[in-house]
file target13.cif (mmCIF, N, CA and C atoms)
data_target
loop_
_atom_site.label_atom_id
_atom_site.label_comp_id
_atom_site.auth_asym_id
_atom_site.auth_seq_id
_atom_site.Cartn_x
_atom_site.Cartn_y
_atom_site.Cartn_z
N MET A 1 111.99 44.11 135.81
CA MET A 1 113.13 44.16 134.91
C MET A 1 113.65 42.75 134.66
N THR A 2 113.96 42.46 133.41
CA THR A 2 114.49 41.16 133.04
C THR A 2 115.97 41.09 133.38
N PHE A 3 116.39 39.96 133.95
CA PHE A 3 117.79 39.84 134.34
C PHE A 3 118.23 38.38 134.20
N PHE A 4 118.73 38.03 133.02
CA PHE A 4 119.17 36.66 132.77
C PHE A 4 120.67 36.54 132.99
N THR A 5 121.08 35.52 133.74
CA THR A 5 122.50 35.24 133.96
C THR A 5 122.72 33.73 133.92
N SER A 6 123.95 33.34 133.97
CA SER A 6 124.38 31.94 134.06
C SER A 6 124.26 31.22 132.72
N GLN A 7 124.57 29.95 132.74
CA GLN A 7 124.45 29.11 131.54
C GLN A 7 123.78 27.80 131.91
N PHE A 8 123.03 27.27 130.94
CA PHE A 8 122.23 26.07 131.18
C PHE A 8 122.32 25.15 129.98
N GLU A 9 122.52 23.87 130.24
CA GLU A 9 122.49 22.88 129.17
C GLU A 9 121.04 22.49 128.94
N SER A 10 120.68 22.30 127.67
CA SER A 10 119.32 21.92 127.33
C SER A 10 119.35 21.03 126.10
N LYS A 11 118.24 20.38 125.81
CA LYS A 11 118.12 19.52 124.64
C LYS A 11 116.88 19.89 123.85
N LEU A 12 116.98 19.74 122.54
CA LEU A 12 115.82 19.91 121.68
C LEU A 12 115.12 18.57 121.54
N ASP A 13 113.79 18.60 121.43
CA ASP A 13 113.09 17.35 121.17
C ASP A 13 113.10 17.07 119.67
N ALA A 14 112.49 15.98 119.25
CA ALA A 14 112.52 15.56 117.84
C ALA A 14 111.87 16.58 116.91
N LYS A 15 110.98 17.42 117.44
CA LYS A 15 110.30 18.42 116.62
C LYS A 15 111.04 19.76 116.56
N GLY A 16 112.18 19.85 117.27
CA GLY A 16 112.94 21.10 117.28
C GLY A 16 112.47 22.07 118.34
N ARG A 17 111.78 21.55 119.36
CA ARG A 17 111.33 22.41 120.46
C ARG A 17 112.36 22.40 121.57
N LEU A 18 112.53 23.54 122.18
CA LEU A 18 113.47 23.70 123.27
C LEU A 18 112.70 24.03 124.54
N VAL A 19 113.03 23.35 125.63
CA VAL A 19 112.41 23.65 126.92
C VAL A 19 113.26 24.71 127.61
N LEU A 20 112.61 25.80 128.01
CA LEU A 20 113.33 26.82 128.77
C LEU A 20 113.59 26.32 130.18
N PRO A 21 114.82 26.41 130.66
CA PRO A 21 115.09 26.04 132.05
C PRO A 21 114.24 26.89 132.99
N ALA A 22 113.85 26.31 134.10
CA ALA A 22 112.96 26.99 135.06
C ALA A 22 113.53 28.34 135.49
N ARG A 23 114.83 28.42 135.65
CA ARG A 23 115.45 29.66 136.12
C ARG A 23 115.29 30.78 135.10
N ILE A 24 115.37 30.44 133.82
CA ILE A 24 115.17 31.44 132.77
C ILE A 24 113.69 31.80 132.69
N LYS A 25 112.86 30.78 132.70
CA LYS A 25 111.41 31.01 132.60
C LYS A 25 110.92 31.90 133.73
N SER A 26 111.46 31.71 134.92
CA SER A 26 111.03 32.52 136.07
C SER A 26 111.43 33.98 135.94
N GLN A 27 112.40 34.28 135.10
CA GLN A 27 112.84 35.67 134.90
C GLN A 27 112.08 36.38 133.79
N LEU A 28 111.26 35.65 133.04
CA LEU A 28 110.49 36.29 131.97
C LEU A 28 109.50 37.27 132.57
N PRO A 29 109.31 38.41 131.92
CA PRO A 29 108.32 39.37 132.41
C PRO A 29 106.93 38.72 132.46
N GLN A 30 106.21 38.99 133.50
CA GLN A 30 104.87 38.43 133.65
C GLN A 30 103.88 39.26 132.85
N GLU A 31 103.37 38.67 131.80
CA GLU A 31 102.37 39.34 130.97
C GLU A 31 101.11 38.48 130.97
N SER A 32 100.00 39.10 130.76
CA SER A 32 98.75 38.32 130.74
C SER A 32 98.63 37.60 129.41
N GLY A 33 98.07 36.42 129.43
CA GLY A 33 97.85 35.68 128.20
C GLY A 33 99.07 34.89 127.75
N VAL A 34 99.23 34.80 126.44
CA VAL A 34 100.28 33.99 125.82
C VAL A 34 101.64 34.65 126.03
N GLN A 35 102.65 33.83 126.33
CA GLN A 35 104.01 34.33 126.52
C GLN A 35 104.73 34.35 125.18
N GLU A 36 104.89 35.55 124.60
CA GLU A 36 105.57 35.70 123.32
C GLU A 36 107.04 36.03 123.54
N LEU A 37 107.86 35.37 122.74
CA LEU A 37 109.30 35.61 122.74
C LEU A 37 109.73 35.88 121.31
N VAL A 38 110.89 36.45 121.16
CA VAL A 38 111.46 36.70 119.84
C VAL A 38 112.79 35.99 119.76
N VAL A 39 112.99 35.23 118.67
CA VAL A 39 114.27 34.57 118.41
C VAL A 39 114.88 35.27 117.21
N ARG A 40 116.16 35.59 117.31
CA ARG A 40 116.87 36.29 116.24
C ARG A 40 118.20 35.59 115.99
N LYS A 41 118.62 35.57 114.72
CA LYS A 41 119.96 35.09 114.41
C LYS A 41 120.95 36.03 115.09
N GLY A 42 121.87 35.47 115.86
CA GLY A 42 122.83 36.29 116.59
C GLY A 42 123.93 36.84 115.70
N PHE A 43 124.69 37.78 116.22
CA PHE A 43 125.83 38.33 115.47
C PHE A 43 126.91 37.27 115.31
N GLU A 44 127.12 36.48 116.37
CA GLU A 44 127.97 35.30 116.23
C GLU A 44 127.06 34.16 115.80
N GLN A 45 127.60 32.97 115.66
CA GLN A 45 126.82 31.84 115.15
C GLN A 45 126.00 31.22 116.29
N CYS A 46 125.02 31.99 116.76
CA CYS A 46 124.12 31.55 117.82
C CYS A 46 122.76 32.18 117.55
N LEU A 47 121.81 31.87 118.40
CA LEU A 47 120.49 32.49 118.34
C LEU A 47 120.32 33.36 119.58
N THR A 48 119.56 34.42 119.46
CA THR A 48 119.32 35.30 120.59
C THR A 48 117.82 35.30 120.88
N LEU A 49 117.48 35.03 122.13
CA LEU A 49 116.10 34.95 122.58
C LEU A 49 115.79 36.17 123.45
N TYR A 50 114.76 36.92 123.05
CA TYR A 50 114.34 38.11 123.79
C TYR A 50 112.92 37.93 124.30
N PRO A 51 112.62 38.39 125.51
CA PRO A 51 111.22 38.58 125.87
C PRO A 51 110.69 39.69 124.95
N MET A 52 109.44 39.66 124.58
CA MET A 52 108.89 40.64 123.65
C MET A 52 109.14 42.07 124.11
N VAL A 53 109.00 42.34 125.39
CA VAL A 53 109.19 43.70 125.90
C VAL A 53 110.62 44.19 125.65
N GLU A 54 111.59 43.31 125.74
CA GLU A 54 112.99 43.68 125.49
C GLU A 54 113.26 43.85 124.00
N PHE A 55 112.66 42.98 123.18
CA PHE A 55 112.87 43.10 121.74
C PHE A 55 112.26 44.39 121.20
N LYS A 56 111.16 44.82 121.77
CA LYS A 56 110.53 46.06 121.31
C LYS A 56 111.48 47.25 121.46
N LYS A 57 112.33 47.23 122.48
CA LYS A 57 113.32 48.30 122.66
C LYS A 57 114.34 48.28 121.53
N VAL A 58 114.81 47.09 121.17
CA VAL A 58 115.77 46.94 120.07
C VAL A 58 115.10 47.31 118.75
N PHE A 59 113.88 46.82 118.55
CA PHE A 59 113.14 47.10 117.32
C PHE A 59 112.95 48.60 117.13
N SER A 60 112.66 49.29 118.20
CA SER A 60 112.46 50.73 118.12
C SER A 60 113.72 51.43 117.60
N LYS A 61 114.88 51.00 118.06
CA LYS A 61 116.14 51.58 117.58
C LYS A 61 116.37 51.27 116.10
N ILE A 62 116.17 50.01 115.72
CA ILE A 62 116.42 49.58 114.34
C ILE A 62 115.43 50.24 113.39
N SER A 63 114.16 50.21 113.73
CA SER A 63 113.14 50.75 112.83
C SER A 63 113.19 52.27 112.76
N GLY A 64 113.80 52.90 113.75
CA GLY A 64 113.89 54.35 113.77
C GLY A 64 115.02 54.92 112.93
N LEU A 65 115.83 54.03 112.33
CA LEU A 65 116.93 54.52 111.49
C LEU A 65 116.40 55.13 110.20
N ASN A 66 117.13 56.06 109.66
CA ASN A 66 116.75 56.77 108.44
C ASN A 66 116.73 55.82 107.24
N GLU A 67 115.55 55.61 106.66
CA GLU A 67 115.40 54.67 105.54
C GLU A 67 116.09 55.16 104.26
N PHE A 68 116.50 56.41 104.23
CA PHE A 68 117.16 56.94 103.03
C PHE A 68 118.67 56.73 103.06
N ASN A 69 119.17 56.16 104.15
CA ASN A 69 120.60 55.86 104.29
C ASN A 69 120.82 54.38 103.92
N GLU A 70 121.68 54.13 102.95
CA GLU A 70 121.90 52.77 102.45
C GLU A 70 122.41 51.82 103.54
N GLU A 71 123.35 52.27 104.36
CA GLU A 71 123.87 51.40 105.42
C GLU A 71 122.79 51.05 106.44
N TYR A 72 121.95 52.01 106.76
CA TYR A 72 120.87 51.75 107.71
C TYR A 72 119.90 50.72 107.14
N ARG A 73 119.57 50.86 105.86
CA ARG A 73 118.66 49.88 105.23
C ARG A 73 119.27 48.50 105.25
N LYS A 74 120.56 48.42 104.98
CA LYS A 74 121.25 47.12 104.98
C LYS A 74 121.19 46.50 106.38
N LEU A 75 121.42 47.32 107.39
CA LEU A 75 121.33 46.83 108.77
C LEU A 75 119.91 46.36 109.08
N GLN A 76 118.91 47.18 108.75
CA GLN A 76 117.52 46.81 109.00
C GLN A 76 117.16 45.51 108.30
N ARG A 77 117.51 45.41 107.03
CA ARG A 77 117.18 44.23 106.23
C ARG A 77 117.77 42.97 106.83
N ASN A 78 119.05 43.03 107.16
CA ASN A 78 119.73 41.84 107.66
C ASN A 78 119.36 41.52 109.09
N PHE A 79 119.13 42.52 109.89
CA PHE A 79 118.75 42.30 111.29
C PHE A 79 117.34 41.75 111.39
N LEU A 80 116.39 42.40 110.72
CA LEU A 80 114.98 42.03 110.88
C LEU A 80 114.58 40.79 110.10
N SER A 81 115.30 40.45 109.05
CA SER A 81 114.95 39.24 108.30
C SER A 81 115.29 37.98 109.08
N GLY A 82 116.14 38.10 110.07
CA GLY A 82 116.52 36.95 110.89
C GLY A 82 115.76 36.89 112.20
N VAL A 83 114.50 37.35 112.20
CA VAL A 83 113.70 37.42 113.43
C VAL A 83 112.41 36.62 113.28
N VAL A 84 112.04 35.90 114.33
CA VAL A 84 110.76 35.18 114.34
C VAL A 84 110.17 35.27 115.75
N THR A 85 108.85 35.42 115.81
CA THR A 85 108.14 35.43 117.09
C THR A 85 107.70 34.00 117.41
N VAL A 86 107.92 33.59 118.65
CA VAL A 86 107.53 32.25 119.09
C VAL A 86 106.71 32.37 120.37
N GLU A 87 105.97 31.33 120.67
CA GLU A 87 105.16 31.30 121.89
C GLU A 87 105.56 30.10 122.74
N LEU A 88 105.58 30.32 124.04
CA LEU A 88 105.82 29.20 124.95
C LEU A 88 104.54 28.39 125.08
N ASP A 89 104.67 27.06 125.03
CA ASP A 89 103.50 26.23 125.27
C ASP A 89 103.35 26.00 126.78
N ASN A 90 102.39 25.19 127.17
CA ASN A 90 102.13 24.95 128.60
C ASN A 90 103.29 24.25 129.31
N SER A 91 104.16 23.59 128.54
CA SER A 91 105.31 22.90 129.12
C SER A 91 106.57 23.76 129.12
N GLY A 92 106.43 25.02 128.72
CA GLY A 92 107.59 25.91 128.69
C GLY A 92 108.49 25.69 127.50
N ARG A 93 107.94 25.11 126.42
CA ARG A 93 108.72 24.84 125.21
C ARG A 93 108.35 25.84 124.13
N PHE A 94 109.28 26.01 123.19
CA PHE A 94 108.98 26.79 122.00
C PHE A 94 109.70 26.15 120.82
N LEU A 95 109.11 26.31 119.65
CA LEU A 95 109.63 25.72 118.42
C LEU A 95 110.62 26.67 117.77
N ILE A 96 111.81 26.16 117.46
CA ILE A 96 112.83 26.94 116.76
C ILE A 96 112.81 26.52 115.30
N PRO A 97 112.62 27.45 114.38
CA PRO A 97 112.59 27.10 112.95
C PRO A 97 113.88 26.42 112.50
N LYS A 98 113.73 25.45 111.59
CA LYS A 98 114.87 24.66 111.09
C LYS A 98 116.00 25.55 110.57
N ALA A 99 115.66 26.59 109.81
CA ALA A 99 116.69 27.46 109.24
C ALA A 99 117.54 28.10 110.33
N MET A 100 116.92 28.43 111.44
CA MET A 100 117.66 29.03 112.55
C MET A 100 118.57 28.01 113.23
N LEU A 101 118.05 26.79 113.39
CA LEU A 101 118.88 25.73 113.98
C LEU A 101 120.09 25.45 113.10
N THR A 102 119.88 25.47 111.80
CA THR A 102 120.98 25.25 110.85
C THR A 102 122.00 26.37 110.97
N TYR A 103 121.54 27.61 111.01
CA TYR A 103 122.43 28.77 111.15
C TYR A 103 123.33 28.63 112.37
N ALA A 104 122.75 28.22 113.49
CA ALA A 104 123.50 28.12 114.75
C ALA A 104 124.16 26.76 114.94
N GLN A 105 124.03 25.86 113.97
CA GLN A 105 124.57 24.51 114.04
C GLN A 105 124.09 23.76 115.28
N ILE A 106 122.84 23.96 115.63
CA ILE A 106 122.26 23.27 116.79
C ILE A 106 121.50 22.06 116.30
N ASP A 107 121.84 20.90 116.85
CA ASP A 107 121.18 19.66 116.47
C ASP A 107 120.28 19.18 117.60
N LYS A 108 120.87 18.66 118.66
CA LYS A 108 120.09 18.17 119.80
C LYS A 108 120.44 18.91 121.08
N ASP A 109 121.71 19.14 121.28
CA ASP A 109 122.17 19.80 122.50
C ASP A 109 122.28 21.29 122.29
N ALA A 110 121.91 22.04 123.33
CA ALA A 110 122.01 23.50 123.26
C ALA A 110 122.53 24.02 124.60
N MET A 111 123.25 25.12 124.52
CA MET A 111 123.71 25.83 125.71
C MET A 111 123.00 27.18 125.73
N LEU A 112 122.28 27.44 126.80
CA LEU A 112 121.59 28.72 126.95
C LEU A 112 122.40 29.59 127.89
N VAL A 113 122.68 30.81 127.46
CA VAL A 113 123.56 31.70 128.20
C VAL A 113 122.82 33.01 128.49
N GLY A 114 122.63 33.32 129.77
CA GLY A 114 121.98 34.56 130.15
C GLY A 114 122.88 35.74 129.87
N MET A 115 122.31 36.74 129.18
CA MET A 115 123.08 37.92 128.78
C MET A 115 122.38 39.21 129.24
N GLY A 116 121.85 39.19 130.45
CA GLY A 116 121.17 40.37 130.97
C GLY A 116 119.73 40.42 130.51
N ASN A 117 119.47 41.16 129.42
CA ASN A 117 118.09 41.31 128.94
C ASN A 117 117.71 40.30 127.88
N LYS A 118 118.61 39.37 127.57
CA LYS A 118 118.36 38.36 126.53
C LYS A 118 119.10 37.08 126.88
N VAL A 119 118.81 36.02 126.10
CA VAL A 119 119.47 34.73 126.30
C VAL A 119 120.03 34.28 124.96
N GLU A 120 121.30 33.90 124.94
CA GLU A 120 121.88 33.34 123.72
C GLU A 120 121.71 31.82 123.75
N ILE A 121 121.46 31.24 122.57
CA ILE A 121 121.30 29.79 122.43
C ILE A 121 122.40 29.32 121.48
N TRP A 122 123.26 28.45 121.98
CA TRP A 122 124.45 28.03 121.24
C TRP A 122 124.51 26.52 121.05
N ASN A 123 125.20 26.10 120.02
CA ASN A 123 125.73 24.74 119.93
C ASN A 123 126.85 24.74 120.98
N PRO A 124 126.88 23.79 121.91
CA PRO A 124 127.88 23.81 122.99
C PRO A 124 129.33 23.88 122.50
N SER A 125 129.66 23.18 121.43
CA SER A 125 131.06 23.20 120.98
C SER A 125 131.41 24.54 120.33
N VAL A 126 130.46 25.18 119.66
CA VAL A 126 130.70 26.51 119.09
C VAL A 126 130.82 27.53 120.22
N TYR A 127 130.00 27.39 121.23
CA TYR A 127 130.05 28.29 122.39
C TYR A 127 131.42 28.26 123.05
N GLU A 128 131.96 27.06 123.22
CA GLU A 128 133.28 26.92 123.85
C GLU A 128 134.35 27.74 123.14
N LYS A 129 134.25 27.83 121.82
CA LYS A 129 135.24 28.58 121.04
C LYS A 129 135.17 30.08 121.28
N HIS A 130 134.06 30.56 121.80
CA HIS A 130 133.87 31.99 122.03
C HIS A 130 134.17 32.41 123.47
N LEU A 131 134.53 31.44 124.31
CA LEU A 131 134.84 31.77 125.69
C LEU A 131 136.29 32.19 125.84
N ILE A 132 136.56 33.04 126.80
CA ILE A 132 137.92 33.47 127.10
C ILE A 132 138.52 32.46 128.07
N SER A 133 139.62 31.86 127.68
CA SER A 133 140.24 30.85 128.53
C SER A 133 141.34 31.44 129.43
N ASP A 134 141.83 32.62 129.08
CA ASP A 134 142.91 33.25 129.84
C ASP A 134 142.32 34.29 130.80
N PRO A 135 142.43 34.05 132.11
CA PRO A 135 141.89 35.01 133.07
C PRO A 135 142.48 36.42 132.91
N GLY A 136 143.73 36.49 132.45
CA GLY A 136 144.37 37.78 132.24
C GLY A 136 143.67 38.58 131.15
N GLU A 137 143.24 37.90 130.09
CA GLU A 137 142.53 38.57 129.01
C GLU A 137 141.19 39.11 129.51
N LEU A 138 140.49 38.30 130.32
CA LEU A 138 139.22 38.75 130.90
C LEU A 138 139.45 39.97 131.79
N SER A 139 140.51 39.94 132.57
CA SER A 139 140.83 41.06 133.46
C SER A 139 141.10 42.33 132.65
N LYS A 140 141.82 42.21 131.54
CA LYS A 140 142.13 43.38 130.70
C LYS A 140 140.86 43.95 130.07
N LEU A 141 139.97 43.07 129.62
CA LEU A 141 138.71 43.55 129.06
C LEU A 141 137.86 44.25 130.12
N ALA A 142 137.81 43.69 131.33
CA ALA A 142 137.06 44.30 132.41
C ALA A 142 137.65 45.67 132.76
N GLU A 143 138.96 45.75 132.83
CA GLU A 143 139.61 47.04 133.12
C GLU A 143 139.31 48.06 132.02
N LYS A 144 139.36 47.62 130.78
CA LYS A 144 139.14 48.52 129.64
C LYS A 144 137.71 49.06 129.60
N TYR A 145 136.72 48.21 129.83
CA TYR A 145 135.34 48.61 129.63
C TYR A 145 134.55 48.90 130.90
N LEU A 146 135.02 48.43 132.03
CA LEU A 146 134.28 48.64 133.27
C LEU A 146 134.92 49.69 134.18
N ASN A 147 136.07 50.19 133.78
CA ASN A 147 136.79 51.16 134.58
C ASN A 147 136.69 52.55 133.98
N GLU A 148 135.56 52.82 133.34
CA GLU A 148 135.40 54.13 132.69
C GLU A 148 134.73 55.13 133.58
#
call {"tool": "encode", "arguments": {"input": "target13.cif", "output": "structure tokens"}}
result
Amino acid sequence: MTFFTSQFESKLDAKGRLVLPARIKSQLPQESGVQELVVRKGFEQCLTLYPMVEFKKVFSKISGLNEFNEEYRKLQRNFLSGVVTVELDNSGRFLIPKAMLTYAQIDKDAMLVGMGNKVEIWNPSVYEKHLISDPGELSKLAEKYLNE
């Protein structure tokens, strides 16, 4: 089972490749052959990185929606058009397409955030804006959603 946690600072090289931190790489499912990952435009202004096995679960839900429903088609179109498959090279790097880097406002520095079955890739300053700074707010959210 994939289990990504914590946050890691990383840098892109001149070609737009990102090196996965060893801790994230070690959590990737062990598959034979080439290590395929999926990068998707996130709901917030970030990128979401999935191991292929995890993305297949999401894809199954999205592709299983009724194609005759206009809202479902809109969701499928917008969700799946922002997806690209990437491969890790021998150095644990993968190339992020320019359009995706532009979407997430990532230039050289990136913050990788473990989110359980996926990893979010953020511009560090944009990421900071999405964090909860008030411990009381975090406590209220935890009570609301974890006390069910």
call {"tool": "resolve_selection", "arguments": {"input": "target13.cif", "expression": "the PyMOL selection byres ((chain A and resi 114-128) around 6.5)", "output": "VMD selection string"}}
result
chain A and resid 2 to 8 45 to 51 54 104 to 107 109 to 113 129 to 131
call {"tool": "atom_distance", "arguments": {"input": "target13.cif", "atom1": "CA of Pro21 in chain A", "atom2": "CA of Phe43 in chain A"}}
result
23.3 Å
call {"tool": "closest_residue", "arguments": {"input": "target13.cif", "among": "A:Ile24, A:Gly82, A:Gln76, A:Tyr103", "to": "Glu44 in chain A", "atoms": "only N, CA and C atoms"}}
result
A:Tyr103
call {"tool": "select_by_dssp", "arguments": {"input": "target13.cif", "residues": "chain A", "states": "helix (DSSP H, G or I)", "output": "ChimeraX atom specification"}}
result
/A:22-25,52-63,70-80,98-103,124-129,135-146
call {"tool": "residues_around", "arguments": {"input": "target13.cif", "residues": "Leu12 in chain A", "least_positions_apart": "5", "cutoff": "5 Å", "atoms": "only N, CA and C atoms", "output": "list in words"}}
result
Arg17, Leu18, Lys108 and Asp109 of chain A
call {"tool": "write_last_selection", "arguments": {"input": "target13.cif", "atoms": "N, CA and C atoms", "output": "mmCIF file, in the frame of the given file"}}
result
data_model
loop_
_atom_site.group_PDB
_atom_site.id
_atom_site.type_symbol
_atom_site.label_atom_id
_atom_site.label_comp_id
_atom_site.auth_asym_id
_atom_site.auth_seq_id
_atom_site.Cartn_x
_atom_site.Cartn_y
_atom_site.Cartn_z
ATOM 1 N N ARG A 17 111.780 21.550 119.360
ATOM 2 C CA ARG A 17 111.330 22.410 120.460
ATOM 3 C C ARG A 17 112.360 22.400 121.570
ATOM 4 N N LEU A 18 112.530 23.540 122.180
ATOM 5 C CA LEU A 18 113.470 23.700 123.270
ATOM 6 C C LEU A 18 112.700 24.030 124.540
ATOM 7 N N LYS A 108 120.870 18.660 118.660
ATOM 8 C CA LYS A 108 120.090 18.170 119.800
ATOM 9 C C LYS A 108 120.440 18.910 121.080
ATOM 10 N N ASP A 109 121.710 19.140 121.280
ATOM 11 C CA ASP A 109 122.170 19.800 122.500
ATOM 12 C C ASP A 109 122.280 21.290 122.290
#
call {"tool": "closest_residue", "arguments": {"input": "target13.cif", "among": "A:Leu37, A:Ile132, A:Val58, A:Leu101", "to": "Glu87 in chain A", "atoms": "all atoms listed in the file"}}
result
A:Leu37
call {"tool": "atom_distance", "arguments": {"input": "target13.cif", "atom1": "CA of Arg40 in chain A", "atom2": "CA of Phe68 in chain A"}}
result
24.5 Å
call {"tool": "atom_distance", "arguments": {"input": "target13.cif", "atom1": "CA of Ser10 in chain A", "atom2": "CA of Thr85 in chain A"}}
result
20.3 Å
call {"tool": "resolve_selection", "arguments": {"input": "target13.cif", "expression": "the PyMOL selection byres ((chain A and resi 83) around 8)", "output": "ChimeraX atom specification"}}
result
/A:38-41,78-82,84-86
call {"tool": "resolve_selection", "arguments": {"input": "target13.cif", "expression": "the PyMOL selection byres ((chain A and resi 93-96) around 5)", "output": "PDB file with N, CA and C atoms, keeping the file's coordinate frame"}}
result
ATOM      1  N   GLY A  16     112.180  19.850 117.270  1.00  0.00           N
ATOM      2  CA  GLY A  16     112.940  21.100 117.280  1.00  0.00           C
ATOM      3  C   GLY A  16     112.470  22.070 118.340  1.00  0.00           C
ATOM      4  N   ARG A  17     111.780  21.550 119.360  1.00  0.00           N
ATOM      5  CA  ARG A  17     111.330  22.410 120.460  1.00  0.00           C
ATOM      6  C   ARG A  17     112.360  22.400 121.570  1.00  0.00           C
ATOM      7  N   LEU A  18     112.530  23.540 122.180  1.00  0.00           N
ATOM      8  CA  LEU A  18     113.470  23.700 123.270  1.00  0.00           C
ATOM      9  C   LEU A  18     112.700  24.030 124.540  1.00  0.00           C
ATOM     10  N   VAL A  19     113.030  23.350 125.630  1.00  0.00           N
ATOM     11  CA  VAL A  19     112.410  23.650 126.920  1.00  0.00           C
ATOM     12  C   VAL A  19     113.260  24.710 127.610  1.00  0.00           C
ATOM     13  N   LEU A  20     112.610  25.800 128.010  1.00  0.00           N
ATOM     14  CA  LEU A  20     113.330  26.820 128.770  1.00  0.00           C
ATOM     15  C   LEU A  20     113.590  26.320 130.180  1.00  0.00           C
ATOM     16  N   GLU A  87     105.970  31.330 120.670  1.00  0.00           N
ATOM     17  CA  GLU A  87     105.160  31.300 121.890  1.00  0.00           C
ATOM     18  C   GLU A  87     105.560  30.100 122.740  1.00  0.00           C
ATOM     19  N   LEU A  88     105.580  30.320 124.040  1.00  0.00           N
ATOM     20  CA  LEU A  88     105.820  29.200 124.950  1.00  0.00           C
ATOM     21  C   LEU A  88     104.540  28.390 125.080  1.00  0.00           C
ATOM     22  N   ASP A  89     104.670  27.060 125.030  1.00  0.00           N
ATOM     23  CA  ASP A  89     103.500  26.230 125.270  1.00  0.00           C
ATOM     24  C   ASP A  89     103.350  26.000 126.780  1.00  0.00           C
ATOM     25  N   SER A  91     104.160  23.590 128.540  1.00  0.00           N
ATOM     26  CA  SER A  91     105.310  22.900 129.120  1.00  0.00           C
ATOM     27  C   SER A  91     106.570  23.760 129.120  1.00  0.00           C
ATOM     28  N   GLY A  92     106.430  25.020 128.720  1.00  0.00           N
ATOM     29  CA  GLY A  92     107.590  25.910 128.690  1.00  0.00           C
ATOM     30  C   GLY A  92     108.490  25.690 127.500  1.00  0.00           C
ATOM     31  N   PRO A  97     112.620  27.450 114.380  1.00  0.00           N
ATOM     32  CA  PRO A  97     112.590  27.100 112.950  1.00  0.00           C
ATOM     33  C   PRO A  97     113.880  26.420 112.500  1.00  0.00           C
ATOM     34  N   LYS A  98     113.730  25.450 111.590  1.00  0.00           N
ATOM     35  CA  LYS A  98     114.870  24.660 111.090  1.00  0.00           C
ATOM     36  C   LYS A  98     116.000  25.550 110.570  1.00  0.00           C
TER      37      LYS A  98
END
call {"tool": "select_by_dssp", "arguments": {"input": "target13.cif", "residues": "range 1-136 of chain A", "states": "strand (DSSP E)", "output": "PyMOL selection string"}}
result
chain A and resi 7-11+17-19+36-41+47-51+83-87+93-95+109-114+119-122
